[in-house]
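Working notes for the structure below.
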Amino acid sequence: MATLAPDLHVVAGDEDFCRHFGASSAELCGRSVFDLLHPSTSSVLREHFSRLHDGRRTRFTERFLGCHSRGQVFSGKLTGTAIQGRSDRLSAIVVMVKPDDERPEEAPVPTSQKLLSPLEARILEGVATGASTVQMAAKLYLSRQGVEYHVGSMLRKMKAPNRAALVSRAYAAGMLTVGTWPARVRPEFVK
């Protein structure tokens with residue numbers, strides 16, 4: 001559990017809240033709650049927090065993805081409750097985080113590793129946009145077999161059974177930009 005100021009910055013967090021995000025209370029205090037969340041869940045939660053702030057709602061529960069300080073992404077439920085002051089204005093928001101207990105058999109790839117060569121990054125971007133092997137080969141001046149070799153290498157690195165799962169795991173690990181098209185591999189994942 002944590003307390004947020006009306007501007008959605010962390011004022012205080014209990015031991016469990018801090019443990020889930022891998023930081024001490026002192027490290028979390030003053031940070032925006034959105035700094036702790038995966039970018040893919042920010043827009044939905046912004047709307048919920050906006051409704052709390054405007055008084056259109058007093059409480060919400062929503063699924064979310066959180067980012068641990070070591071770069072691991074975890075999922076769970078986030079509940080926000082508005083706390084009214086004496087003047088019926090929002091004085092604080094109490095946030096409760098309940099991570100999912102069940103862990104997938106294969107956790108997403110830790111985001112702190114530089115996993116991809118520049119060529120693999122361009123191929124992953126092509127796969128994410130739905131480009132065919134032939135299209136990527138022509139664009140990157142490779143043979144079809146060269147593209148397939150690099151796709152196969154990424155499938156093994158990410159422990160993904162197919163291209164769709166590869167893109168899904170890349171998004172889950174935070175490797176691909178969210179909210180932009182075409183998706184781009186974030187630079188911190190490129191060797």
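The way I read the labels, and the way they are meant: chains A, B, ... in the order of the structure tokens, residue 1 as the first residue of every chain, and ligand 1 as the first ligand shown, with later ones counted on from there.
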Taking 2 positions as the minimum chain separation for residues in the same chain, which residues sit within 12 Å of Gly146 (chain A) when counting only C-alpha atoms? Answer as an NGL selection string. :A and (119-120 or 123 or 133-134 or 136-138 or 140-144 or 148-153)
Residues from the last selection, all heavy atoms, saved as a tab-separated table (two decimals), in the first residue's frame:
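Saved as part-v5.tsv:
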```tsv
chain	number	residue	atom	x	y	z
A	119	LEU	N	21.40	-5.22	-36.15
A	119	LEU	CA	20.68	-5.91	-37.21
A	119	LEU	C	19.47	-6.66	-36.65
A	119	LEU	O	18.37	-6.60	-37.22
A	119	LEU	CB	21.61	-6.86	-37.97
A	119	LEU	CG	20.97	-7.65	-39.11
A	119	LEU	CD1	20.39	-6.71	-40.17
A	119	LEU	CD2	21.98	-8.60	-39.73
A	120	GLU	N	19.65	-7.36	-35.53
A	120	GLU	CA	18.53	-8.07	-34.92
A	120	GLU	C	17.43	-7.10	-34.49
A	120	GLU	O	16.25	-7.40	-34.62
A	120	GLU	CB	19.00	-8.88	-33.71
A	120	GLU	CG	19.80	-10.12	-34.09
A	120	GLU	CD	20.36	-10.83	-32.88
A	120	GLU	OE1	20.74	-10.17	-31.89
A	120	GLU	OE2	20.43	-12.08	-32.93
A	123	ILE	N	15.43	-6.27	-37.49
A	123	ILE	CA	14.59	-7.42	-37.88
A	123	ILE	C	13.41	-7.55	-36.92
A	123	ILE	O	12.28	-7.78	-37.35
A	123	ILE	CB	15.43	-8.71	-37.95
A	123	ILE	CG1	16.40	-8.63	-39.15
A	123	ILE	CG2	14.53	-9.94	-38.06
A	123	ILE	CD1	17.41	-9.75	-39.23
A	133	THR	N	9.42	-12.06	-44.53
A	133	THR	CA	10.85	-12.35	-44.62
A	133	THR	C	11.44	-11.73	-45.89
A	133	THR	O	12.52	-11.14	-45.85
A	133	THR	CB	11.08	-13.88	-44.61
A	133	THR	OG1	10.57	-14.39	-43.38
A	133	THR	CG2	12.54	-14.23	-44.75
A	134	VAL	N	10.73	-11.84	-46.99
A	134	VAL	CA	11.22	-11.30	-48.26
A	134	VAL	C	11.33	-9.78	-48.19
A	134	VAL	O	12.32	-9.19	-48.65
A	134	VAL	CB	10.29	-11.73	-49.42
A	134	VAL	CG1	10.67	-11.04	-50.72
A	134	VAL	CG2	10.33	-13.24	-49.60
A	136	MET	N	11.77	-7.91	-45.49
A	136	MET	CA	12.89	-7.55	-44.61
A	136	MET	C	14.22	-7.82	-45.30
A	136	MET	O	15.16	-7.04	-45.17
A	136	MET	CB	12.80	-8.31	-43.28
A	136	MET	CG	11.70	-7.79	-42.37
A	136	MET	SD	11.74	-8.53	-40.73
A	136	MET	CE	11.06	-10.16	-41.06
A	137	ALA	N	14.32	-8.93	-46.03
A	137	ALA	CA	15.56	-9.27	-46.72
A	137	ALA	C	15.92	-8.18	-47.74
A	137	ALA	O	17.07	-7.75	-47.82
A	137	ALA	CB	15.42	-10.63	-47.41
A	138	ALA	N	14.94	-7.72	-48.51
A	138	ALA	CA	15.19	-6.67	-49.50
A	138	ALA	C	15.59	-5.36	-48.84
A	138	ALA	O	16.52	-4.68	-49.29
A	138	ALA	CB	13.95	-6.47	-50.36
A	140	LEU	N	16.97	-4.89	-45.86
A	140	LEU	CA	18.21	-4.98	-45.09
A	140	LEU	C	19.38	-5.55	-45.90
A	140	LEU	O	20.46	-5.77	-45.35
A	140	LEU	CB	17.98	-5.84	-43.84
A	140	LEU	CG	16.94	-5.30	-42.86
A	140	LEU	CD1	16.64	-6.32	-41.77
A	140	LEU	CD2	17.39	-3.98	-42.27
A	141	TYR	N	19.16	-5.82	-47.18
A	141	TYR	CA	20.19	-6.36	-48.07
A	141	TYR	C	20.74	-7.68	-47.54
A	141	TYR	O	21.95	-7.89	-47.45
A	141	TYR	CB	21.33	-5.35	-48.28
A	141	TYR	CG	20.83	-4.03	-48.82
A	141	TYR	CD1	20.74	-2.92	-47.99
A	141	TYR	CD2	20.41	-3.91	-50.14
A	141	TYR	CE1	20.26	-1.71	-48.47
A	141	TYR	CE2	19.92	-2.71	-50.64
A	141	TYR	CZ	19.84	-1.61	-49.80
A	141	TYR	OH	19.36	-0.42	-50.27
A	142	LEU	N	19.82	-8.56	-47.16
A	142	LEU	CA	20.16	-9.91	-46.69
A	142	LEU	C	19.45	-10.93	-47.56
A	142	LEU	O	18.51	-10.60	-48.28
A	142	LEU	CB	19.70	-10.12	-45.24
A	142	LEU	CG	20.37	-9.30	-44.15
A	142	LEU	CD1	19.64	-9.51	-42.84
A	142	LEU	CD2	21.82	-9.71	-44.01
A	143	SER	N	19.86	-12.17	-47.44
A	143	SER	CA	19.10	-13.24	-48.08
A	143	SER	C	17.92	-13.60	-47.18
A	143	SER	O	17.90	-13.24	-46.00
A	143	SER	CB	19.99	-14.47	-48.29
A	143	SER	OG	20.34	-15.02	-47.03
A	144	ARG	N	16.96	-14.32	-47.74
A	144	ARG	CA	15.83	-14.80	-46.93
A	144	ARG	C	16.34	-15.67	-45.78
A	144	ARG	O	15.87	-15.57	-44.65
A	144	ARG	CB	14.85	-15.60	-47.78
A	144	ARG	CG	14.06	-14.76	-48.75
A	144	ARG	CD	12.96	-15.54	-49.47
A	144	ARG	NE	13.16	-16.98	-49.56
A	144	ARG	CZ	13.62	-17.63	-50.63
A	144	ARG	NH1	13.93	-16.96	-51.72
A	144	ARG	NH2	13.75	-18.95	-50.62
A	148	GLU	N	15.84	-15.32	-41.71
A	148	GLU	CA	15.32	-16.44	-40.93
A	148	GLU	C	16.30	-16.88	-39.84
A	148	GLU	O	15.89	-17.24	-38.74
A	148	GLU	CB	14.97	-17.63	-41.83
A	148	GLU	CG	13.73	-17.41	-42.67
A	148	GLU	CD	12.47	-17.20	-41.85
A	148	GLU	OE1	12.34	-17.72	-40.72
A	148	GLU	OE2	11.59	-16.46	-42.34
A	149	TYR	N	17.61	-16.82	-40.14
A	149	TYR	CA	18.62	-17.17	-39.14
A	149	TYR	C	18.50	-16.23	-37.93
A	149	TYR	O	18.50	-16.67	-36.78
A	149	TYR	CB	20.02	-17.08	-39.75
A	149	TYR	CG	21.10	-17.18	-38.70
A	149	TYR	CD1	21.50	-18.41	-38.19
A	149	TYR	CD2	21.70	-16.03	-38.19
A	149	TYR	CE1	22.48	-18.50	-37.22
A	149	TYR	CE2	22.68	-16.11	-37.21
A	149	TYR	CZ	23.06	-17.35	-36.73
A	149	TYR	OH	24.01	-17.44	-35.76
A	150	HIS	N	18.40	-14.92	-38.19
A	150	HIS	CA	18.33	-13.96	-37.10
A	150	HIS	C	17.00	-14.05	-36.34
A	150	HIS	O	16.97	-13.91	-35.11
A	150	HIS	CB	18.55	-12.54	-37.62
A	150	HIS	CG	19.98	-12.29	-38.02
A	150	HIS	ND1	21.01	-12.20	-37.11
A	150	HIS	CD2	20.54	-12.14	-39.24
A	150	HIS	CE1	22.14	-11.99	-37.75
A	150	HIS	NE2	21.89	-11.95	-39.05
A	151	VAL	N	15.91	-14.31	-37.05
A	151	VAL	CA	14.62	-14.51	-36.38
A	151	VAL	C	14.72	-15.74	-35.47
A	151	VAL	O	14.30	-15.70	-34.31
A	151	VAL	CB	13.46	-14.66	-37.39
A	151	VAL	CG1	12.18	-15.11	-36.69
A	151	VAL	CG2	13.23	-13.35	-38.13
A	152	GLY	N	15.29	-16.82	-35.98
A	152	GLY	CA	15.46	-18.03	-35.17
A	152	GLY	C	16.31	-17.79	-33.94
A	152	GLY	O	16.02	-18.29	-32.85
A	153	SER	N	17.36	-17.00	-34.10
A	153	SER	CA	18.23	-16.66	-32.97
A	153	SER	C	17.46	-15.91	-31.89
A	153	SER	O	17.58	-16.19	-30.70
A	153	SER	CB	19.41	-15.83	-33.47
A	153	SER	OG	20.16	-15.33	-32.40
```
Any idea what's packed within 10 Å of region 160-167 of chain A, counting only C-alpha atoms, ignoring anything in its chain fewer than 2 positions away? Could you give it as a tab-separated table (two decimals) with all heavy atoms, in the first residue's frame?
```
chain	number	residue	atom	x	y	z
A	106	GLU	N	7.95	-19.29	-17.86
A	106	GLU	CA	9.13	-18.59	-18.35
A	106	GLU	C	8.89	-17.11	-18.18
A	106	GLU	O	8.04	-16.53	-18.84
A	106	GLU	CB	9.36	-18.91	-19.82
A	106	GLU	CG	9.60	-20.37	-20.08
A	106	GLU	CD	9.49	-20.70	-21.54
A	106	GLU	OE1	9.69	-19.81	-22.37
A	106	GLU	OE2	9.18	-21.84	-21.86
A	124	LEU	N	13.63	-7.38	-35.61
A	124	LEU	CA	12.53	-7.43	-34.65
A	124	LEU	C	11.50	-6.35	-34.95
A	124	LEU	O	10.29	-6.60	-34.89
A	124	LEU	CB	13.05	-7.30	-33.22
A	124	LEU	CG	12.00	-7.32	-32.12
A	124	LEU	CD1	11.17	-8.61	-32.14
A	124	LEU	CD2	12.65	-7.13	-30.75
A	125	GLU	N	11.96	-5.16	-35.30
A	125	GLU	CA	11.03	-4.09	-35.68
A	125	GLU	C	10.21	-4.49	-36.90
A	125	GLU	O	9.01	-4.23	-36.97
A	125	GLU	CB	11.80	-2.80	-35.95
A	125	GLU	CG	12.42	-2.19	-34.72
A	125	GLU	CD	13.42	-1.08	-35.00
A	125	GLU	OE1	13.72	-0.80	-36.19
A	125	GLU	OE2	13.91	-0.48	-34.02
A	127	VAL	N	9.48	-7.63	-37.83
A	127	VAL	CA	8.53	-8.66	-37.39
A	127	VAL	C	7.35	-8.01	-36.68
A	127	VAL	O	6.20	-8.37	-36.90
A	127	VAL	CB	9.23	-9.71	-36.48
A	127	VAL	CG1	8.22	-10.65	-35.86
A	127	VAL	CG2	10.27	-10.48	-37.27
A	128	ALA	N	7.63	-7.00	-35.83
A	128	ALA	CA	6.57	-6.33	-35.07
A	128	ALA	C	5.60	-5.59	-35.99
A	128	ALA	O	4.42	-5.45	-35.67
A	128	ALA	CB	7.17	-5.36	-34.06
A	129	THR	N	6.07	-5.12	-37.15
A	129	THR	CA	5.18	-4.41	-38.08
A	129	THR	C	4.49	-5.36	-39.06
A	129	THR	O	3.68	-4.92	-39.86
A	129	THR	CB	5.95	-3.34	-38.89
A	129	THR	OG1	6.97	-3.99	-39.65
A	129	THR	CG2	6.55	-2.30	-37.98
A	130	GLY	N	4.85	-6.64	-39.01
A	130	GLY	CA	4.21	-7.61	-39.88
A	130	GLY	C	4.88	-7.78	-41.23
A	130	GLY	O	4.30	-8.38	-42.14
A	151	VAL	N	15.91	-14.31	-37.05
A	151	VAL	CA	14.62	-14.51	-36.38
A	151	VAL	C	14.72	-15.74	-35.47
A	151	VAL	O	14.30	-15.70	-34.31
A	151	VAL	CB	13.46	-14.66	-37.39
A	151	VAL	CG1	12.18	-15.11	-36.69
A	151	VAL	CG2	13.23	-13.35	-38.13
A	152	GLY	N	15.29	-16.82	-35.98
A	152	GLY	CA	15.46	-18.03	-35.17
A	152	GLY	C	16.31	-17.79	-33.94
A	152	GLY	O	16.02	-18.29	-32.85
A	154	MET	N	16.64	-14.95	-32.32
A	154	MET	CA	15.83	-14.19	-31.35
A	154	MET	C	14.76	-15.06	-30.70
A	154	MET	O	14.47	-14.90	-29.51
A	154	MET	CB	15.21	-12.96	-32.02
A	154	MET	CG	16.22	-11.87	-32.32
A	154	MET	SD	15.47	-10.36	-32.96
A	154	MET	CE	15.02	-10.87	-34.61
A	155	LEU	N	14.19	-15.98	-31.46
A	155	LEU	CA	13.20	-16.90	-30.88
A	155	LEU	C	13.83	-17.71	-29.75
A	155	LEU	O	13.21	-17.91	-28.70
A	155	LEU	CB	12.64	-17.84	-31.95
A	155	LEU	CG	11.71	-17.22	-33.00
A	155	LEU	CD1	11.42	-18.22	-34.11
A	155	LEU	CD2	10.43	-16.73	-32.38
A	156	ARG	N	15.07	-18.15	-29.96
A	156	ARG	CA	15.76	-18.91	-28.90
A	156	ARG	C	16.10	-18.02	-27.72
A	156	ARG	O	15.91	-18.42	-26.57
A	156	ARG	CB	17.03	-19.57	-29.47
A	156	ARG	CG	16.73	-20.76	-30.36
A	156	ARG	CD	18.00	-21.50	-30.78
A	156	ARG	NE	18.90	-20.70	-31.61
A	156	ARG	CZ	18.74	-20.46	-32.91
A	156	ARG	NH1	17.70	-20.96	-33.55
A	156	ARG	NH2	19.62	-19.74	-33.58
A	157	LYS	N	16.62	-16.81	-27.97
A	157	LYS	CA	16.98	-15.90	-26.87
A	157	LYS	C	15.77	-15.57	-26.00
A	157	LYS	O	15.88	-15.50	-24.78
A	157	LYS	CB	17.51	-14.58	-27.43
A	157	LYS	CG	18.92	-14.61	-27.90
A	157	LYS	CD	19.32	-13.21	-28.37
A	157	LYS	CE	20.64	-13.22	-29.09
A	157	LYS	NZ	20.98	-11.89	-29.61
A	158	MET	N	14.63	-15.34	-26.65
A	158	MET	CA	13.43	-14.92	-25.93
A	158	MET	C	12.56	-16.11	-25.51
A	158	MET	O	11.50	-15.91	-24.92
A	158	MET	CB	12.61	-13.96	-26.81
A	158	MET	CG	13.36	-12.72	-27.23
A	158	MET	SD	13.54	-11.52	-25.93
A	158	MET	CE	11.87	-10.92	-25.83
A	169	ARG	N	6.55	-11.10	-26.24
A	169	ARG	CA	7.56	-11.10	-25.17
A	169	ARG	C	8.42	-9.85	-25.22
A	169	ARG	O	8.83	-9.33	-24.18
A	169	ARG	CB	8.41	-12.36	-25.25
A	169	ARG	CG	7.62	-13.57	-24.83
A	169	ARG	CD	8.48	-14.79	-24.76
A	169	ARG	NE	7.60	-15.93	-24.50
A	169	ARG	CZ	7.83	-16.84	-23.59
A	169	ARG	NH1	8.90	-16.76	-22.84
A	169	ARG	NH2	6.98	-17.83	-23.42
A	170	ALA	N	8.71	-9.36	-26.41
A	170	ALA	CA	9.49	-8.13	-26.53
A	170	ALA	C	8.73	-6.95	-25.92
A	170	ALA	O	9.31	-6.13	-25.20
A	170	ALA	CB	9.83	-7.86	-27.99
A	171	TYR	N	7.42	-6.87	-26.17
A	171	TYR	CA	6.61	-5.82	-25.55
A	171	TYR	C	6.56	-6.00	-24.03
A	171	TYR	O	6.70	-5.05	-23.28
A	171	TYR	CB	5.18	-5.81	-26.10
A	171	TYR	CG	5.01	-4.96	-27.33
A	171	TYR	CD1	4.69	-5.52	-28.55
A	171	TYR	CD2	5.17	-3.58	-27.28
A	171	TYR	CE1	4.53	-4.74	-29.68
A	171	TYR	CE2	5.02	-2.79	-28.40
A	171	TYR	CZ	4.70	-3.38	-29.60
A	171	TYR	OH	4.55	-2.60	-30.71
A	172	ALA	N	6.35	-7.23	-23.58
A	172	ALA	CA	6.27	-7.50	-22.14
A	172	ALA	C	7.56	-7.15	-21.42
A	172	ALA	O	7.55	-6.70	-20.27
A	172	ALA	CB	5.91	-8.97	-21.89
A	173	ALA	N	8.68	-7.33	-22.07
A	173	ALA	CA	9.98	-7.01	-21.48
A	173	ALA	C	10.32	-5.53	-21.61
A	173	ALA	O	11.34	-5.09	-21.11
A	173	ALA	CB	11.07	-7.86	-22.11
A	175	MET	N	11.03	-4.00	-24.43
A	175	MET	CA	12.04	-3.80	-25.47
A	175	MET	C	11.54	-2.91	-26.60
A	175	MET	O	12.32	-2.20	-27.22
A	175	MET	CB	12.46	-5.15	-26.06
A	175	MET	CG	13.18	-6.03	-25.07
A	175	MET	SD	13.49	-7.68	-25.75
A	175	MET	CE	14.82	-7.30	-26.89
A	176	LEU	N	10.24	-2.96	-26.88
A	176	LEU	CA	9.66	-2.19	-27.97
A	176	LEU	C	8.93	-0.97	-27.42
A	176	LEU	O	8.31	-1.04	-26.35
A	176	LEU	CB	8.69	-3.05	-28.78
A	176	LEU	CG	9.32	-4.19	-29.58
A	176	LEU	CD1	8.26	-5.14	-30.10
A	176	LEU	CD2	10.15	-3.65	-30.73
```
I'd like the contact shell of region 59-71 of chain A - 8 Å cut-off, only C-alpha atoms, skipping same-chain residues fewer than 6 positions apart - returned as an NGL selection string. :A and (20-23 or 36-38 or 40-41 or 45 or 48 or 52 or 77-82 or 110-112)
Mind writing the picked residues with N, CA and C atoms as an mmCIF file, in the first residue's frame?
```cif
data_model
loop_
_atom_site.group_PDB
_atom_site.id
_atom_site.type_symbol
_atom_site.label_atom_id
_atom_site.label_comp_id
_atom_site.auth_asym_id
_atom_site.auth_seq_id
_atom_site.Cartn_x
_atom_site.Cartn_y
_atom_site.Cartn_z
ATOM 1 N N HIS A 20 7.780 -4.823 -3.880
ATOM 2 C CA HIS A 20 7.283 -5.147 -5.221
ATOM 3 C C HIS A 20 8.019 -4.349 -6.296
ATOM 4 N N PHE A 21 8.356 -3.093 -5.980
ATOM 5 C CA PHE A 21 9.015 -2.241 -6.969
ATOM 6 C C PHE A 21 10.528 -2.219 -6.797
ATOM 7 N N GLY A 22 11.042 -2.960 -5.812
ATOM 8 C CA GLY A 22 12.480 -3.126 -5.636
ATOM 9 C C GLY A 22 13.216 -1.881 -5.229
ATOM 10 N N ALA A 23 12.605 -1.062 -4.390
ATOM 11 C CA ALA A 23 13.256 0.167 -3.940
ATOM 12 C C ALA A 23 12.862 0.442 -2.492
ATOM 13 N N LEU A 36 6.663 4.048 -11.965
ATOM 14 C CA LEU A 36 6.716 2.672 -11.468
ATOM 15 C C LEU A 36 5.949 1.701 -12.353
ATOM 16 N N LEU A 37 5.239 2.228 -13.337
ATOM 17 C CA LEU A 37 4.369 1.411 -14.176
ATOM 18 C C LEU A 37 4.947 1.244 -15.570
ATOM 19 N N HIS A 38 4.626 0.123 -16.182
ATOM 20 C CA HIS A 38 5.011 -0.112 -17.573
ATOM 21 C C HIS A 38 4.240 0.881 -18.442
ATOM 22 N N SER A 40 2.747 0.679 -21.141
ATOM 23 C CA SER A 40 1.524 0.183 -21.781
ATOM 24 C C SER A 40 0.295 0.325 -20.902
ATOM 25 N N THR A 41 0.450 0.473 -19.592
ATOM 26 C CA THR A 41 -0.718 0.591 -18.708
ATOM 27 C C THR A 41 -0.977 2.017 -18.271
ATOM 28 N N LEU A 45 -4.634 3.900 -16.680
ATOM 29 C CA LEU A 45 -4.599 4.341 -15.283
ATOM 30 C C LEU A 45 -4.689 5.855 -15.156
ATOM 31 N N HIS A 48 -8.322 6.634 -14.934
ATOM 32 C CA HIS A 48 -8.876 6.293 -13.623
ATOM 33 C C HIS A 48 -8.471 7.326 -12.567
ATOM 34 N N LEU A 52 -10.735 10.014 -10.206
ATOM 35 C CA LEU A 52 -10.611 10.182 -8.754
ATOM 36 C C LEU A 52 -10.359 11.647 -8.421
ATOM 37 N N LYS A 77 -3.087 -6.411 -9.826
ATOM 38 C CA LYS A 77 -4.227 -5.496 -9.735
ATOM 39 C C LYS A 77 -3.823 -4.294 -8.900
ATOM 40 N N LEU A 78 -4.246 -3.125 -9.338
ATOM 41 C CA LEU A 78 -3.994 -1.897 -8.612
ATOM 42 C C LEU A 78 -5.339 -1.302 -8.235
ATOM 43 N N THR A 79 -5.523 -0.981 -6.971
ATOM 44 C CA THR A 79 -6.755 -0.359 -6.491
ATOM 45 C C THR A 79 -6.410 1.022 -5.979
ATOM 46 N N GLY A 80 -7.112 2.024 -6.451
ATOM 47 C CA GLY A 80 -6.916 3.399 -6.003
ATOM 48 C C GLY A 80 -8.169 3.883 -5.298
ATOM 49 N N THR A 81 -7.989 4.541 -4.150
ATOM 50 C CA THR A 81 -9.109 5.065 -3.367
ATOM 51 C C THR A 81 -8.844 6.522 -3.050
ATOM 52 N N ALA A 82 -9.830 7.381 -3.346
ATOM 53 C CA ALA A 82 -9.702 8.810 -3.079
ATOM 54 C C ALA A 82 -9.946 9.084 -1.595
ATOM 55 N N PRO A 110 14.776 -10.241 -18.596
ATOM 56 C CA PRO A 110 15.099 -9.052 -17.825
ATOM 57 C C PRO A 110 15.461 -7.900 -18.752
ATOM 58 N N THR A 111 14.974 -6.693 -18.420
ATOM 59 C CA THR A 111 15.166 -5.566 -19.315
ATOM 60 C C THR A 111 16.516 -4.896 -19.172
ATOM 61 N N SER A 112 17.333 -5.330 -18.216
ATOM 62 C CA SER A 112 18.605 -4.657 -18.010
ATOM 63 C C SER A 112 19.702 -5.188 -18.938
#
```
From a DSSP calculation on the backbone, collect every residue of chain A in helix (DSSP H, G or I) and output the set as a PDB file with C-alpha atoms, in the first residue's frame.
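Output file part_6.pdb is given in full below:
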```pdb
ATOM      1  CA  GLU A  15       7.294  -2.453   3.112  1.00  0.00           C
ATOM      2  CA  ASP A  16       5.367  -4.688   0.664  1.00  0.00           C
ATOM      3  CA  PHE A  17       4.809  -1.855  -1.816  1.00  0.00           C
ATOM      4  CA  CYS A  18       8.512  -1.012  -1.784  1.00  0.00           C
ATOM      5  CA  ARG A  19       9.493  -4.675  -2.145  1.00  0.00           C
ATOM      6  CA  HIS A  20       7.283  -5.147  -5.221  1.00  0.00           C
ATOM      7  CA  PHE A  21       9.015  -2.241  -6.969  1.00  0.00           C
ATOM      8  CA  SER A  25      10.610   4.048   0.754  1.00  0.00           C
ATOM      9  CA  ALA A  26      13.104   6.913   0.489  1.00  0.00           C
ATOM     10  CA  GLU A  27      13.824   6.031  -3.167  1.00  0.00           C
ATOM     11  CA  LEU A  28      10.115   5.888  -4.047  1.00  0.00           C
ATOM     12  CA  VAL A  33       3.343   6.643  -9.732  1.00  0.00           C
ATOM     13  CA  PHE A  34       3.707   6.436 -13.519  1.00  0.00           C
ATOM     14  CA  ASP A  35       7.482   6.028 -13.119  1.00  0.00           C
ATOM     15  CA  LEU A  36       6.716   2.672 -11.468  1.00  0.00           C
ATOM     16  CA  PRO A  39       4.208   2.456 -20.300  1.00  0.00           C
ATOM     17  CA  SER A  40       1.524   0.183 -21.781  1.00  0.00           C
ATOM     18  CA  THR A  41      -0.718   0.591 -18.708  1.00  0.00           C
ATOM     19  CA  SER A  42      -0.206   4.309 -18.125  1.00  0.00           C
ATOM     20  CA  SER A  43      -2.981   5.651 -20.371  1.00  0.00           C
ATOM     21  CA  VAL A  44      -5.726   3.504 -18.810  1.00  0.00           C
ATOM     22  CA  LEU A  45      -4.599   4.341 -15.283  1.00  0.00           C
ATOM     23  CA  ARG A  46      -4.299   8.059 -16.080  1.00  0.00           C
ATOM     24  CA  GLU A  47      -8.016   8.074 -16.884  1.00  0.00           C
ATOM     25  CA  HIS A  48      -8.876   6.293 -13.623  1.00  0.00           C
ATOM     26  CA  PHE A  49      -6.728   8.680 -11.567  1.00  0.00           C
ATOM     27  CA  SER A  50      -8.268  11.640 -13.411  1.00  0.00           C
ATOM     28  CA  ARG A  51     -11.740  10.461 -12.376  1.00  0.00           C
ATOM     29  CA  LEU A  52     -10.611  10.182  -8.754  1.00  0.00           C
ATOM     30  CA  HIS A  53      -9.089  13.648  -8.907  1.00  0.00           C
ATOM     31  CA  ASP A  54     -12.238  15.205 -10.412  1.00  0.00           C
ATOM     32  CA  PRO A 118      21.649  -3.553 -34.357  1.00  0.00           C
ATOM     33  CA  LEU A 119      20.678  -5.906 -37.215  1.00  0.00           C
ATOM     34  CA  GLU A 120      18.530  -8.070 -34.923  1.00  0.00           C
ATOM     35  CA  ALA A 121      16.838  -4.914 -33.616  1.00  0.00           C
ATOM     36  CA  ARG A 122      15.870  -3.899 -37.168  1.00  0.00           C
ATOM     37  CA  ILE A 123      14.589  -7.420 -37.880  1.00  0.00           C
ATOM     38  CA  LEU A 124      12.535  -7.435 -34.654  1.00  0.00           C
ATOM     39  CA  GLU A 125      11.032  -4.091 -35.679  1.00  0.00           C
ATOM     40  CA  GLY A 126      10.136  -5.637 -39.042  1.00  0.00           C
ATOM     41  CA  VAL A 127       8.528  -8.658 -37.395  1.00  0.00           C
ATOM     42  CA  ALA A 128       6.571  -6.326 -35.073  1.00  0.00           C
ATOM     43  CA  THR A 129       5.181  -4.409 -38.080  1.00  0.00           C
ATOM     44  CA  THR A 133      10.851 -12.352 -44.621  1.00  0.00           C
ATOM     45  CA  VAL A 134      11.217 -11.299 -48.264  1.00  0.00           C
ATOM     46  CA  GLN A 135      10.378  -7.656 -47.470  1.00  0.00           C
ATOM     47  CA  MET A 136      12.890  -7.546 -44.607  1.00  0.00           C
ATOM     48  CA  ALA A 137      15.558  -9.266 -46.723  1.00  0.00           C
ATOM     49  CA  ALA A 138      15.189  -6.675 -49.502  1.00  0.00           C
ATOM     50  CA  LYS A 139      15.204  -3.745 -47.075  1.00  0.00           C
ATOM     51  CA  LEU A 140      18.211  -4.983 -45.088  1.00  0.00           C
ATOM     52  CA  ARG A 144      15.830 -14.797 -46.926  1.00  0.00           C
ATOM     53  CA  GLN A 145      17.881 -17.405 -45.080  1.00  0.00           C
ATOM     54  CA  GLY A 146      19.850 -14.636 -43.335  1.00  0.00           C
ATOM     55  CA  VAL A 147      16.649 -13.048 -42.038  1.00  0.00           C
ATOM     56  CA  GLU A 148      15.320 -16.443 -40.928  1.00  0.00           C
ATOM     57  CA  TYR A 149      18.617 -17.169 -39.143  1.00  0.00           C
ATOM     58  CA  HIS A 150      18.325 -13.955 -37.097  1.00  0.00           C
ATOM     59  CA  VAL A 151      14.623 -14.513 -36.376  1.00  0.00           C
ATOM     60  CA  GLY A 152      15.458 -18.028 -35.174  1.00  0.00           C
ATOM     61  CA  SER A 153      18.227 -16.665 -32.969  1.00  0.00           C
ATOM     62  CA  MET A 154      15.832 -14.186 -31.345  1.00  0.00           C
ATOM     63  CA  LEU A 155      13.203 -16.900 -30.882  1.00  0.00           C
ATOM     64  CA  ARG A 156      15.763 -18.912 -28.901  1.00  0.00           C
ATOM     65  CA  LYS A 157      16.976 -15.901 -26.873  1.00  0.00           C
ATOM     66  CA  ARG A 163       6.959 -14.706 -34.307  1.00  0.00           C
ATOM     67  CA  ALA A 164       3.775 -13.554 -32.566  1.00  0.00           C
ATOM     68  CA  ALA A 165       5.094 -14.764 -29.210  1.00  0.00           C
ATOM     69  CA  LEU A 166       8.442 -13.087 -29.965  1.00  0.00           C
ATOM     70  CA  VAL A 167       6.766  -9.702 -30.429  1.00  0.00           C
ATOM     71  CA  SER A 168       4.561 -10.276 -27.377  1.00  0.00           C
ATOM     72  CA  ARG A 169       7.559 -11.105 -25.174  1.00  0.00           C
ATOM     73  CA  ALA A 170       9.493  -8.128 -26.531  1.00  0.00           C
ATOM     74  CA  TYR A 171       6.606  -5.816 -25.547  1.00  0.00           C
ATOM     75  CA  ALA A 172       6.265  -7.497 -22.135  1.00  0.00           C
ATOM     76  CA  PRO A 187      18.269   1.720 -27.501  1.00  0.00           C
ATOM     77  CA  GLU A 188      19.152   0.238 -24.115  1.00  0.00           C
ATOM     78  CA  PHE A 189      18.485  -3.247 -25.544  1.00  0.00           C
TER      79      PHE A 189
END
```
Between CA of Ala5 (chain A) and CA of Lys98 (chain A), what is the spacing in Å?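 Here the two named atoms are 20.3 Å from each other.
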What's the separation between CA of Ser91 (chain A) and CA of Leu8 (chain A), in Å to one decimal place?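 Distance reported for this atom pair: 10.9 Å.
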Neighbour list for Thr3 (chain A) as a ChimeraX atom specification, cut-off 6 Å, only C-alpha atoms, skip fewer than 5 positions in-chain: /A:11-12,93-94
How many Å separate CA of Val97 (chain A) from CA of Gly179 (chain A)?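 These atoms are spaced 24.3 Å apart.
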